[in-house]
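Visitor: PDB, C-alpha atoms and all ligand atoms, file model26.pdb:
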```
ATOM      1  CA  MET A  15       3.267   4.069  -5.631  1.00  0.00           C
ATOM      2  CA  GLU A  16       1.622   3.426  -9.001  1.00  0.00           C
ATOM      3  CA  TRP A  17      -1.077   1.249  -7.411  1.00  0.00           C
ATOM      4  CA  ALA A  18      -1.646   3.787  -4.629  1.00  0.00           C
ATOM      5  CA  VAL A  19      -2.128   6.714  -7.032  1.00  0.00           C
ATOM      6  CA  SER A  20      -4.358   4.544  -9.254  1.00  0.00           C
ATOM      7  CA  LEU A  21      -6.547   3.608  -6.283  1.00  0.00           C
ATOM      8  CA  LEU A  22      -6.737   7.225  -5.112  1.00  0.00           C
ATOM      9  CA  LEU A  23      -7.761   8.390  -8.589  1.00  0.00           C
ATOM     10  CA  ASN A  24     -10.594   5.846  -8.445  1.00  0.00           C
ATOM     11  CA  HIS A  25     -11.488   6.965  -4.900  1.00  0.00           C
ATOM     12  CA  PRO A  26     -11.347  10.772  -4.873  1.00  0.00           C
ATOM     13  CA  GLU A  27     -12.962  10.854  -1.403  1.00  0.00           C
ATOM     14  CA  ALA A  28      -9.941   9.011   0.046  1.00  0.00           C
ATOM     15  CA  LEU A  29      -7.580  11.352  -1.812  1.00  0.00           C
ATOM     16  CA  GLN A  30      -9.401  14.361  -0.365  1.00  0.00           C
ATOM     17  CA  LYS A  31      -9.346  12.868   3.148  1.00  0.00           C
ATOM     18  CA  ALA A  32      -5.581  12.289   2.915  1.00  0.00           C
ATOM     19  CA  ARG A  33      -5.038  15.818   1.631  1.00  0.00           C
ATOM     20  CA  THR A  34      -7.107  17.317   4.444  1.00  0.00           C
ATOM     21  CA  GLU A  35      -5.097  15.303   6.982  1.00  0.00           C
ATOM     22  CA  ILE A  36      -1.833  16.591   5.513  1.00  0.00           C
ATOM     23  CA  ASP A  37      -3.086  20.202   5.351  1.00  0.00           C
ATOM     24  CA  ASN A  38      -4.213  20.002   8.978  1.00  0.00           C
ATOM     25  CA  HIS A  39      -0.869  18.715  10.243  1.00  0.00           C
ATOM     26  CA  VAL A  40       1.760  20.297   8.021  1.00  0.00           C
ATOM     27  CA  GLY A  41       2.197  24.046   8.248  1.00  0.00           C
ATOM     28  CA  PRO A  42       1.024  26.215   5.305  1.00  0.00           C
ATOM     29  CA  GLY A  43       3.659  26.667   2.607  1.00  0.00           C
ATOM     30  CA  GLN A  44       5.803  23.840   4.064  1.00  0.00           C
ATOM     31  CA  LEU A  45       6.736  20.611   2.384  1.00  0.00           C
ATOM     32  CA  LEU A  46       5.824  17.390   4.167  1.00  0.00           C
ATOM     33  CA  GLU A  47       8.815  16.026   6.101  1.00  0.00           C
ATOM     34  CA  ASP A  48       9.781  12.715   7.611  1.00  0.00           C
ATOM     35  CA  SER A  49       8.931  14.003  11.101  1.00  0.00           C
ATOM     36  CA  ASP A  50       5.312  14.704  10.006  1.00  0.00           C
ATOM     37  CA  LEU A  51       4.576  11.079   9.085  1.00  0.00           C
ATOM     38  CA  SER A  52       3.655   9.979  12.613  1.00  0.00           C
ATOM     39  CA  LYS A  53       0.839  12.578  12.526  1.00  0.00           C
ATOM     40  CA  LEU A  54      -0.641  11.170   9.310  1.00  0.00           C
ATOM     41  CA  PRO A  55      -2.370   7.882  10.242  1.00  0.00           C
ATOM     42  CA  TYR A  56      -4.804   7.993   7.310  1.00  0.00           C
ATOM     43  CA  LEU A  57      -1.925   8.230   4.831  1.00  0.00           C
ATOM     44  CA  HIS A  58      -0.478   5.130   6.504  1.00  0.00           C
ATOM     45  CA  CYS A  59      -3.875   3.396   6.170  1.00  0.00           C
ATOM     46  CA  ILE A  60      -3.845   4.139   2.416  1.00  0.00           C
ATOM     47  CA  ILE A  61      -0.363   2.621   2.080  1.00  0.00           C
ATOM     48  CA  ASN A  62      -1.402  -0.498   4.023  1.00  0.00           C
ATOM     49  CA  GLU A  63      -4.615  -0.902   2.048  1.00  0.00           C
ATOM     50  CA  THR A  64      -2.667  -0.592  -1.223  1.00  0.00           C
ATOM     51  CA  LEU A  65      -0.164  -3.233  -0.055  1.00  0.00           C
ATOM     52  CA  ARG A  66      -3.052  -5.466   1.030  1.00  0.00           C
ATOM     53  CA  LEU A  67      -4.801  -5.376  -2.346  1.00  0.00           C
ATOM     54  CA  PHE A  68      -1.641  -5.322  -4.439  1.00  0.00           C
ATOM     55  CA  PRO A  69       1.262  -6.843  -2.474  1.00  0.00           C
ATOM     56  CA  VAL A  70       4.536  -6.100  -4.288  1.00  0.00           C
ATOM     57  CA  ALA A  71       5.669  -9.736  -3.899  1.00  0.00           C
ATOM     58  CA  PRO A  72       2.367 -11.709  -3.997  1.00  0.00           C
ATOM     59  CA  LEU A  73       4.110 -15.012  -3.148  1.00  0.00           C
ATOM     60  CA  LEU A  74       6.760 -13.379  -0.905  1.00  0.00           C
ATOM     61  CA  LEU A  75      10.141 -15.085  -1.433  1.00  0.00           C
ATOM     62  CA  PRO A  76      10.424 -18.897  -1.592  1.00  0.00           C
ATOM     63  CA  HIS A  77      10.972 -20.490   1.841  1.00  0.00           C
ATOM     64  CA  PHE A  78      12.499 -23.877   2.657  1.00  0.00           C
ATOM     65  CA  SER A  79      11.499 -26.157   5.541  1.00  0.00           C
ATOM     66  CA  SER A  80      14.617 -26.946   7.563  1.00  0.00           C
ATOM     67  CA  GLU A  81      12.723 -29.691   9.538  1.00  0.00           C
ATOM     68  CA  ASP A  82       9.624 -31.859   9.063  1.00  0.00           C
ATOM     69  CA  CYS A  83       6.647 -29.816  10.192  1.00  0.00           C
ATOM     70  CA  VAL A  84       2.841 -29.657  10.096  1.00  0.00           C
ATOM     71  CA  VAL A  85       1.121 -26.539   8.793  1.00  0.00           C
ATOM     72  CA  ASP A  86      -2.653 -26.381   9.177  1.00  0.00           C
ATOM     73  CA  GLY A  87      -2.842 -30.198   9.166  1.00  0.00           C
ATOM     74  CA  PHE A  88      -0.560 -30.654   6.159  1.00  0.00           C
ATOM     75  CA  ASN A  89       2.632 -32.673   6.673  1.00  0.00           C
ATOM     76  CA  ILE A  90       5.560 -30.782   5.186  1.00  0.00           C
ATOM     77  CA  PRO A  91       8.738 -32.873   4.838  1.00  0.00           C
ATOM     78  CA  ARG A  92      12.110 -31.343   5.552  1.00  0.00           C
ATOM     79  CA  GLY A  93      13.657 -29.710   2.472  1.00  0.00           C
ATOM     80  CA  THR A  94      10.388 -28.626   0.839  1.00  0.00           C
ATOM     81  CA  THR A  95      10.223 -25.334  -1.042  1.00  0.00           C
ATOM     82  CA  LEU A  96       7.261 -23.371   0.313  1.00  0.00           C
ATOM     83  CA  LEU A  97       5.470 -20.426  -1.225  1.00  0.00           C
ATOM     84  CA  VAL A  98       3.134 -18.256   0.851  1.00  0.00           C
ATOM     85  CA  ASN A  99       0.300 -16.794  -1.191  1.00  0.00           C
ATOM     86  CA  ALA A 100       0.015 -13.371   0.450  1.00  0.00           C
ATOM     87  CA  TRP A 101      -2.268 -12.159  -2.353  1.00  0.00           C
ATOM     88  CA  VAL A 102      -4.898 -14.768  -1.462  1.00  0.00           C
ATOM     89  CA  ILE A 103      -4.526 -14.264   2.300  1.00  0.00           C
ATOM     90  CA  HIS A 104      -4.977 -10.505   1.808  1.00  0.00           C
ATOM     91  CA  ARG A 105      -8.278 -11.113  -0.021  1.00  0.00           C
ATOM     92  CA  ASP A 106      -9.616 -13.976   2.099  1.00  0.00           C
ATOM     93  CA  PRO A 107     -13.292 -13.207   2.896  1.00  0.00           C
ATOM     94  CA  ASN A 108     -12.919 -15.127   6.192  1.00  0.00           C
ATOM     95  CA  LEU A 109     -10.299 -12.608   7.306  1.00  0.00           C
ATOM     96  CA  TRP A 110     -11.421  -9.360   5.712  1.00  0.00           C
ATOM     97  CA  ASP A 111     -14.744  -7.582   5.433  1.00  0.00           C
ATOM     98  CA  GLU A 112     -15.486  -6.766   1.752  1.00  0.00           C
ATOM     99  CA  PRO A 113     -12.009  -7.987   0.800  1.00  0.00           C
ATOM    100  CA  THR A 114     -11.907  -6.632  -2.739  1.00  0.00           C
ATOM    101  CA  ARG A 115     -13.008  -3.132  -1.724  1.00  0.00           C
ATOM    102  CA  PHE A 116     -10.475  -0.314  -1.264  1.00  0.00           C
ATOM    103  CA  LYS A 117     -11.236   0.775   2.289  1.00  0.00           C
ATOM    104  CA  PRO A 118      -8.209   2.362   4.021  1.00  0.00           C
ATOM    105  CA  GLU A 119     -10.280   2.895   7.187  1.00  0.00           C
ATOM    106  CA  ARG A 120     -10.089  -0.863   7.879  1.00  0.00           C
ATOM    107  CA  PHE A 121      -6.498  -0.251   9.047  1.00  0.00           C
ATOM    108  CA  GLU A 122      -7.436   2.381  11.629  1.00  0.00           C
ATOM    109  CA  GLY A 123      -6.155   1.084  14.961  1.00  0.00           C
ATOM    110  CA  PHE A 124      -4.642  -1.990  13.296  1.00  0.00           C
ATOM    111  CA  GLU A 125      -1.993  -3.281  15.671  1.00  0.00           C
ATOM    112  CA  GLY A 126      -0.371  -6.137  13.772  1.00  0.00           C
ATOM    113  CA  GLY A 127       0.770  -8.805  16.246  1.00  0.00           C
ATOM    114  CA  ARG A 128      -0.893 -12.189  15.684  1.00  0.00           C
ATOM    115  CA  GLU A 129      -3.731 -10.397  13.906  1.00  0.00           C
ATOM    116  CA  GLY A 130      -1.002  -9.124  11.570  1.00  0.00           C
ATOM    117  CA  PHE A 131      -0.466 -12.643  10.193  1.00  0.00           C
ATOM    118  CA  LYS A 132      -3.342 -11.860   7.871  1.00  0.00           C
ATOM    119  CA  PHE A 133      -1.453  -8.806   6.552  1.00  0.00           C
ATOM    120  CA  ILE A 134       1.998  -9.837   5.376  1.00  0.00           C
ATOM    121  CA  PRO A 135       3.214  -7.632   2.491  1.00  0.00           C
ATOM    122  CA  PHE A 136       6.715  -7.795   3.999  1.00  0.00           C
ATOM    123  CA  GLY A 137       6.533 -11.421   5.131  1.00  0.00           C
ATOM    124  CA  VAL A 138       6.687 -12.302   8.817  1.00  0.00           C
ATOM    125  CA  GLY A 139       9.169 -13.762  11.281  1.00  0.00           C
ATOM    126  CA  ARG A 140      12.926 -14.138  11.035  1.00  0.00           C
ATOM    127  CA  ARG A 141      13.092 -13.808   7.258  1.00  0.00           C
ATOM    128  CA  ALA A 142      10.675 -10.882   6.997  1.00  0.00           C
ATOM    129  CA  CYS A 143      11.767  -7.854   5.005  1.00  0.00           C
ATOM    130  CA  PRO A 144      14.381  -5.881   6.975  1.00  0.00           C
ATOM    131  CA  GLY A 145      13.626  -2.812   4.821  1.00  0.00           C
ATOM    132  CA  ALA A 146       9.921  -2.622   5.777  1.00  0.00           C
ATOM    133  CA  ALA A 147      10.160   0.388   8.085  1.00  0.00           C
ATOM    134  CA  LEU A 148      12.349   2.262   5.612  1.00  0.00           C
ATOM    135  CA  ALA A 149      10.018   1.384   2.730  1.00  0.00           C
ATOM    136  CA  ILE A 150       6.933   2.609   4.600  1.00  0.00           C
ATOM    137  CA  ARG A 151       8.632   5.919   5.431  1.00  0.00           C
ATOM    138  CA  VAL A 152       9.888   6.492   1.892  1.00  0.00           C
ATOM    139  CA  ILE A 153       6.493   5.651   0.378  1.00  0.00           C
ATOM    140  CA  GLY A 154       4.814   7.875   2.983  1.00  0.00           C
ATOM    141  CA  LEU A 155       7.069  10.803   2.107  1.00  0.00           C
ATOM    142  CA  ALA A 156       6.768  10.340  -1.657  1.00  0.00           C
ATOM    143  CA  LEU A 157       3.024   9.645  -1.779  1.00  0.00           C
ATOM    144  CA  GLY A 158       2.262  12.276   0.867  1.00  0.00           C
ATOM    145  CA  THR A 159       4.235  14.913  -1.052  1.00  0.00           C
ATOM    146  CA  LEU A 160       2.460  14.058  -4.329  1.00  0.00           C
ATOM    147  CA  ILE A 161      -0.900  14.435  -2.556  1.00  0.00           C
ATOM    148  CA  GLN A 162       0.153  17.621  -0.781  1.00  0.00           C
ATOM    149  CA  CYS A 163       1.562  19.410  -3.825  1.00  0.00           C
ATOM    150  CA  PHE A 164      -0.619  18.417  -6.766  1.00  0.00           C
ATOM    151  CA  GLU A 165      -4.238  18.181  -7.897  1.00  0.00           C
ATOM    152  CA  TRP A 166      -4.745  14.772  -9.493  1.00  0.00           C
ATOM    153  CA  GLU A 167      -7.255  13.740 -12.128  1.00  0.00           C
ATOM    154  CA  ARG A 168      -7.953  10.734 -14.289  1.00  0.00           C
ATOM    155  CA  VAL A 169      -7.127  11.081 -17.970  1.00  0.00           C
ATOM    156  CA  GLU A 170     -10.432   9.438 -18.929  1.00  0.00           C
ATOM    157  CA  PRO A 171     -13.784   9.665 -17.142  1.00  0.00           C
ATOM    158  CA  GLU A 172     -13.664   5.859 -16.748  1.00  0.00           C
ATOM    159  CA  LEU A 173     -12.031   4.372 -13.659  1.00  0.00           C
ATOM    160  CA  VAL A 174      -8.317   3.606 -13.864  1.00  0.00           C
ATOM    161  CA  ASP A 175      -7.860   0.022 -15.074  1.00  0.00           C
ATOM    162  CA  LEU A 176      -6.560  -2.037 -12.130  1.00  0.00           C
ATOM    163  CA  SER A 177      -5.735  -5.209 -14.080  1.00  0.00           C
ATOM    164  CA  GLU A 178      -2.649  -6.994 -12.845  1.00  0.00           C
ATOM    165  CA  GLY A 179       0.321  -8.095 -14.927  1.00  0.00           C
ATOM    166  CA  SER A 180       1.927 -11.474 -14.255  1.00  0.00           C
ATOM    167  CA  GLY A 181       5.290 -12.185 -12.690  1.00  0.00           C
ATOM    168  CA  ALA A 182       7.048 -12.563  -9.333  1.00  0.00           C
ATOM    169  CA  THR A 183       6.263  -8.923  -8.557  1.00  0.00           C
ATOM    170  CA  LEU A 184       2.836  -7.379  -8.974  1.00  0.00           C
ATOM    171  CA  HIS A 185       2.787  -4.620 -11.559  1.00  0.00           C
ATOM    172  CA  LYS A 186      -0.067  -2.945 -13.390  1.00  0.00           C
ATOM    173  CA  ALA A 187      -0.961  -4.571 -16.716  1.00  0.00           C
ATOM    174  CA  LYS A 188      -1.490  -1.072 -18.132  1.00  0.00           C
ATOM    175  CA  PRO A 189       0.903   1.618 -16.848  1.00  0.00           C
ATOM    176  CA  LEU A 190      -0.848   4.482 -15.078  1.00  0.00           C
ATOM    177  CA  GLU A 191      -1.482   7.701 -16.969  1.00  0.00           C
ATOM    178  CA  ALA A 192      -2.752  10.624 -14.920  1.00  0.00           C
ATOM    179  CA  MET A 193      -3.094  14.398 -15.102  1.00  0.00           C
ATOM    180  CA  TYR A 194      -1.744  16.598 -12.345  1.00  0.00           C
ATOM    181  CA  ARG A 195      -1.137  20.270 -11.742  1.00  0.00           C
ATOM    182  CA  PRO A 196       0.376  22.157  -8.792  1.00  0.00           C
ATOM    183  CA  ARG A 197      -2.101  23.118  -6.119  1.00  0.00           C
ATOM    184  CA  PRO A 198      -2.404  26.938  -6.054  1.00  0.00           C
ATOM    185  CA  SER A 199      -1.338  26.986  -2.385  1.00  0.00           C
ATOM    186  CA  MET A 200       1.888  25.104  -3.212  1.00  0.00           C
ATOM    187  CA  ALA A 201       2.768  26.747  -6.562  1.00  0.00           C
ATOM    188  CA  SER A 202       5.067  29.383  -5.098  1.00  0.00           C
ATOM    189  CA  LEU A 203       6.949  26.845  -2.953  1.00  0.00           C
ATOM    190  CA  LEU A 204       7.300  24.425  -5.885  1.00  0.00           C
ATOM    191  CA  SER A 205       8.659  27.171  -8.153  1.00  0.00           C
ATOM    192  CA  GLN A 206      11.539  27.696  -5.694  1.00  0.00           C
ATOM    193  CA  LEU A 207      12.675  24.053  -5.670  1.00  0.00           C
TER     194      LEU A 207
HETATM  195  C1  LIG A 301       7.493  -1.617  -0.616  1.00  0.00           C
HETATM  196  C2  LIG A 301       8.746  -2.027  -0.441  1.00  0.00           C
HETATM  197  C3  LIG A 301       9.135  -3.434  -0.087  1.00  0.00           C
HETATM  198  C4  LIG A 301       8.363  -4.565  -0.057  1.00  0.00           C
HETATM  199  C5  LIG A 301       6.873  -4.730  -0.331  1.00  0.00           C
HETATM  200  C6  LIG A 301       9.230  -5.645   0.358  1.00  0.00           C
HETATM  201  C7  LIG A 301       8.802  -6.954   0.522  1.00  0.00           C
HETATM  202  C8  LIG A 301       9.645  -8.005   0.872  1.00  0.00           C
HETATM  203  C9  LIG A 301       9.204  -9.364   1.006  1.00  0.00           C
HETATM  204  C10 LIG A 301       7.776  -9.867   0.792  1.00  0.00           C
HETATM  205  C11 LIG A 301      10.281 -10.105   1.364  1.00  0.00           C
HETATM  206  C12 LIG A 301      10.290 -11.626   1.603  1.00  0.00           C
HETATM  207  C13 LIG A 301       9.787 -11.951   3.000  1.00  0.00           C
HETATM  208  C14 LIG A 301       9.452 -13.414   3.170  1.00  0.00           C
HETATM  209  O1  LIG A 301       9.520 -14.180   2.207  1.00  0.00           O
HETATM  210  O2  LIG A 301       9.089 -13.817   4.285  1.00  0.00           O
HETATM  211  C15 LIG A 301      11.411  -9.206   1.444  1.00  0.00           C
HETATM  212  C16 LIG A 301      12.685  -9.600   1.774  1.00  0.00           C
HETATM  213  C17 LIG A 301      13.758  -8.735   1.828  1.00  0.00           C
HETATM  214  N1  LIG A 301      13.726  -7.366   1.659  1.00  0.00           N
HETATM  215 FE1  LIG A 301      12.106  -6.255   1.182  1.00  0.00          FE
HETATM  216  N2  LIG A 301      10.497  -5.163   0.564  1.00  0.00           N
HETATM  217  C18 LIG A 301      10.483  -3.816   0.314  1.00  0.00           C
HETATM  218  C19 LIG A 301      11.525  -2.943   0.447  1.00  0.00           C
HETATM  219  C20 LIG A 301      12.789  -3.286   0.871  1.00  0.00           C
HETATM  220  C21 LIG A 301      13.847  -2.350   1.132  1.00  0.00           C
HETATM  221  C22 LIG A 301      13.716  -0.820   1.023  1.00  0.00           C
HETATM  222  C23 LIG A 301      14.934  -3.088   1.496  1.00  0.00           C
HETATM  223  C24 LIG A 301      16.323  -2.653   1.887  1.00  0.00           C
HETATM  224  C25 LIG A 301      16.640  -1.408   2.179  1.00  0.00           C
HETATM  225  C26 LIG A 301      14.553  -4.495   1.465  1.00  0.00           C
HETATM  226  C27 LIG A 301      15.378  -5.548   1.754  1.00  0.00           C
HETATM  227  C28 LIG A 301      14.998  -6.876   1.814  1.00  0.00           C
HETATM  228  C29 LIG A 301      15.903  -8.004   2.104  1.00  0.00           C
HETATM  229  C30 LIG A 301      17.427  -7.926   2.348  1.00  0.00           C
HETATM  230  C31 LIG A 301      15.124  -9.162   2.117  1.00  0.00           C
HETATM  231  C32 LIG A 301      15.576 -10.617   2.364  1.00  0.00           C
HETATM  232  C33 LIG A 301      15.449 -10.925   3.866  1.00  0.00           C
HETATM  233  C34 LIG A 301      15.835 -12.372   4.219  1.00  0.00           C
HETATM  234  O3  LIG A 301      15.719 -13.250   3.358  1.00  0.00           O
HETATM  235  O4  LIG A 301      16.214 -12.612   5.362  1.00  0.00           O
HETATM  236  N3  LIG A 301      13.234  -4.564   1.096  1.00  0.00           N
HETATM  237  N4  LIG A 301      10.988  -7.943   1.154  1.00  0.00           N
END
```
Please render this file's structure as structure tokens.

Guide:
Amino acid sequence: MEWAVSLLLNHPEALQKARTEIDNHVGPGQLLEDSDLSKLPYLHCIINETLRLFPVAPLLLPHFSSEDCVVDGFNIPRGTTLLVNAWVIHRDPNLWDEPTRFKPERFEGFEGGREGFKFIPFGVGRRACPGAALAIRVIGLALGTLIQCFEWERVEPELVDLSEGSGATLHKAKPLEAMYRPRPSMASLLSQL
């Protein structure tokens, strides 16, 4: 969520596009609901693009080869601990056009499948994250509601600093600070919550 809001503050045109999508599909004076999410593909693109650039678990979880195997020409003996560098795969210029650029549109029509092996924020296969669908829905609801209800601005005119901290999970080096105020069209609804 913090990365997504940071990226949107640095890309106001994407924030506006997401807001327009929400306004067009959710009735006036109504809060975004779970059932609206399927009508908000651009919001989903923003979530995917955020997870591509800043995967929560950049090395996934450690895996363990249960048999000898060969991966991309490398012999991997049985019993080896294996780390998958999703961060690097997600920024590989052979797989992605302008890999370091925030471009949610790249996920329009993205199907996953074998092509999805290049996008693995939740891992892939038998040990992939079983909470992925839940996570995407919860993030969609939370991020979508923040976009729907509030005007967002950067605290400083400079872009939000996107430096990464170190660790097994990818957090911002500098916690996000942002200014927000209720959108006039949502103020009355928000005051009743
Ligand atoms: C944005 C949110 C989340 C992200 C990015 C995420 C990511 C991941 C990743 C990368 C793995 C390791 C996959 C691998 O190494 O192949 C994993 C495993 C797992 N996740 Fe998530 N996860 C998220 C949310 C959740 C939620 C909401 C739940 C439960 C409700 C959950 C439950 C699990 C469990 C139980 C595993 C271990 C699966 C296994 O080893 O078989 N995760 N997750």

Visitor: How close does each residue of chain A get to ligand LIG 301 (chain A), giving the shortest atom pair and distance in Å to one decimal for every residue with an atom at most 10 Å away, counting all atoms listed in the file, sorted by chain and residue number, as CSV?

Guide:
```
residue,atom,partner,partner_atom,distance
A:Met15,CA,A:LIG301,C1,8.7
A:Ile61,CA,A:LIG301,C1,9.3
A:Leu65,CA,A:LIG301,C5,7.2
A:Phe68,CA,A:LIG301,C5,9.5
A:Pro69,CA,A:LIG301,C5,6.4
A:Val70,CA,A:LIG301,C5,4.8
A:Ala71,CA,A:LIG301,C10,5.1
A:Pro72,CA,A:LIG301,C10,7.5
A:Leu73,CA,A:LIG301,C10,7.4
A:Leu74,CA,A:LIG301,C10,4.0
A:Leu75,CA,A:LIG301,O1,3.8
A:Pro76,CA,A:LIG301,O1,6.1
A:His77,CA,A:LIG301,O1,6.5
A:Leu96,CA,A:LIG301,O1,9.7
A:Leu97,CA,A:LIG301,O1,8.2
A:Val98,CA,A:LIG301,O1,7.7
A:Ala100,CA,A:LIG301,C10,8.5
A:Ile134,CA,A:LIG301,C10,7.4
A:Pro135,CA,A:LIG301,C10,5.4
A:Phe136,CA,A:LIG301,C10,4.0
A:Gly137,CA,A:LIG301,O2,3.6
A:Val138,CA,A:LIG301,O2,5.3
A:Gly139,CA,A:LIG301,O2,7.0
A:Arg140,CA,A:LIG301,O4,6.7
A:Arg141,CA,A:LIG301,O4,3.8
A:Ala142,CA,A:LIG301,C13,4.2
A:Cys143,CA,A:LIG301,C16,3.8
A:Pro144,CA,A:LIG301,C28,5.3
A:Gly145,CA,A:LIG301,C23,3.6
A:Ala146,CA,A:LIG301,C19,5.6
A:Ala147,CA,A:LIG301,C22,8.0
A:Leu148,CA,A:LIG301,C22,5.7
A:Ala149,CA,A:LIG301,C22,4.6
A:Ile150,CA,A:LIG301,C1,6.7
A:Arg151,CA,A:LIG301,C22,9.5
A:Val152,CA,A:LIG301,C22,8.3
A:Ile153,CA,A:LIG301,C1,7.4
A:Thr183,CA,A:LIG301,C5,9.3
A:Leu184,CA,A:LIG301,C5,9.9
```

Visitor: Hey, what's within 12 Å of Leu29 of chain A if we count only C-alpha atoms and toss same-chain stuff fewer than 3 positions away? As a VMD selection string, please?

Guide: chain A and resid 18 to 26 32 to 36 56 to 57 59 to 61 117 to 118 157 to 158 160 to 162 164 to 167

Visitor: Taking all atoms listed in the file into account, name the residue in A:Gly179, A:Pro42, A:Trp17, A:Gly127 that is nearest to Leu203 of chain A.

Guide: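 Of A:Gly179, A:Pro42, A:Trp17, A:Gly127, the one nearest Leu203 of chain A is A:Pro42, counting all atoms listed in the file.
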
Visitor: Mind checking which residues fall within 9 Å of Ile90 of chain A, counting only C-alpha atoms, ignoring those fewer than 5 positions away in the same chain, and posting them as a list in words?

Guide: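 My list of contacting residues is Ser79, Glu81, Asp82, Cys83, Val84 and Val85 of chain A.
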
Visitor: On this structure, the PyMOL selection byres (((chain A and resi 124) around 12) and not hetatm) would catch which residues? List them as number ranges by chain, sorted by chain and number.

Guide: A: 55-56, 58-59, 62-63, 118-123, 125-133

Visitor: I would like the residues chosen by the PyMOL selection byres (((chain A and resi 47) around 10) and not hetatm) on the shown file; could you give them as a list of chain:residue names?

Guide: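 Expected selection for the PyMOL selection byres (((chain A and resi 47) around 10) and not hetatm) here is A:Val40, A:Gln44, A:Leu45, A:Leu46, A:Asp48, A:Ser49, A:Asp50, A:Leu51, A:Gly154, A:Leu155, A:Ala156, A:Gly158, A:Thr159.
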
Visitor: If you apply the PyMOL selection byres (((chain A and resi 105) around 10) and not hetatm) to this file, what residues do you get, as number ranges by chain?

Guide: A: 66-68, 100-104, 106-115, 132-133

Visitor: Let's have the selection written as a CSV table (one decimal), in the coordinates of the input, with C-alpha atoms.

Guide:
```
chain,number,residue,atom,x,y,z
A,66,ARG,CA,-3.1,-5.5,1.0
A,67,LEU,CA,-4.8,-5.4,-2.3
A,68,PHE,CA,-1.6,-5.3,-4.4
A,100,ALA,CA,0.0,-13.4,0.4
A,101,TRP,CA,-2.3,-12.2,-2.4
A,102,VAL,CA,-4.9,-14.8,-1.5
A,103,ILE,CA,-4.5,-14.3,2.3
A,104,HIS,CA,-5.0,-10.5,1.8
A,106,ASP,CA,-9.6,-14.0,2.1
A,107,PRO,CA,-13.3,-13.2,2.9
A,108,ASN,CA,-12.9,-15.1,6.2
A,109,LEU,CA,-10.3,-12.6,7.3
A,110,TRP,CA,-11.4,-9.4,5.7
A,111,ASP,CA,-14.7,-7.6,5.4
A,112,GLU,CA,-15.5,-6.8,1.8
A,113,PRO,CA,-12.0,-8.0,0.8
A,114,THR,CA,-11.9,-6.6,-2.7
A,115,ARG,CA,-13.0,-3.1,-1.7
A,132,LYS,CA,-3.3,-11.9,7.9
A,133,PHE,CA,-1.5,-8.8,6.6
```

Visitor: May I ask for the distance between atom CA of Lys53 of chain A and atom CA of Cys163 of chain A, given in Å to one decimal place?

Guide: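 It comes out at 17.7 Å.
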
Visitor: Taking all atoms listed in the file into account, which of A:Leu176, A:Arg168, A:Gly87, A:Ala28 comes nearest Arg195 of chain A?

Guide: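 Closest candidate: A:Arg168.
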
Visitor: State, in Å with one decimal place, the distance from atom CA of Ala182 of chain A to atom CA of Ser80 of chain A.

Guide: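 These atoms are spaced 23.4 Å apart.
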
Visitor: Work out how far apart atom CA of Ser202 of chain A and atom CA of Asp37 of chain A are and give it in Å to one decimal.

Guide: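 Going from atom CA of Ser202 of chain A over to atom CA of Asp37 of chain A, I get 16.1 Å.
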
Visitor: Can you report as AutoDock Vina command-line options the centre and edge lengths in Å, to one decimal, of an axis-aligned box around the listed atoms of segment 92-102 of chain A padded with 6 Å on each side?

Guide:
```
--center_x 4.4 --center_y -21.8 --center_z 1.6 --size_x 30.6 --size_y 31.2 --size_z 19.9
```
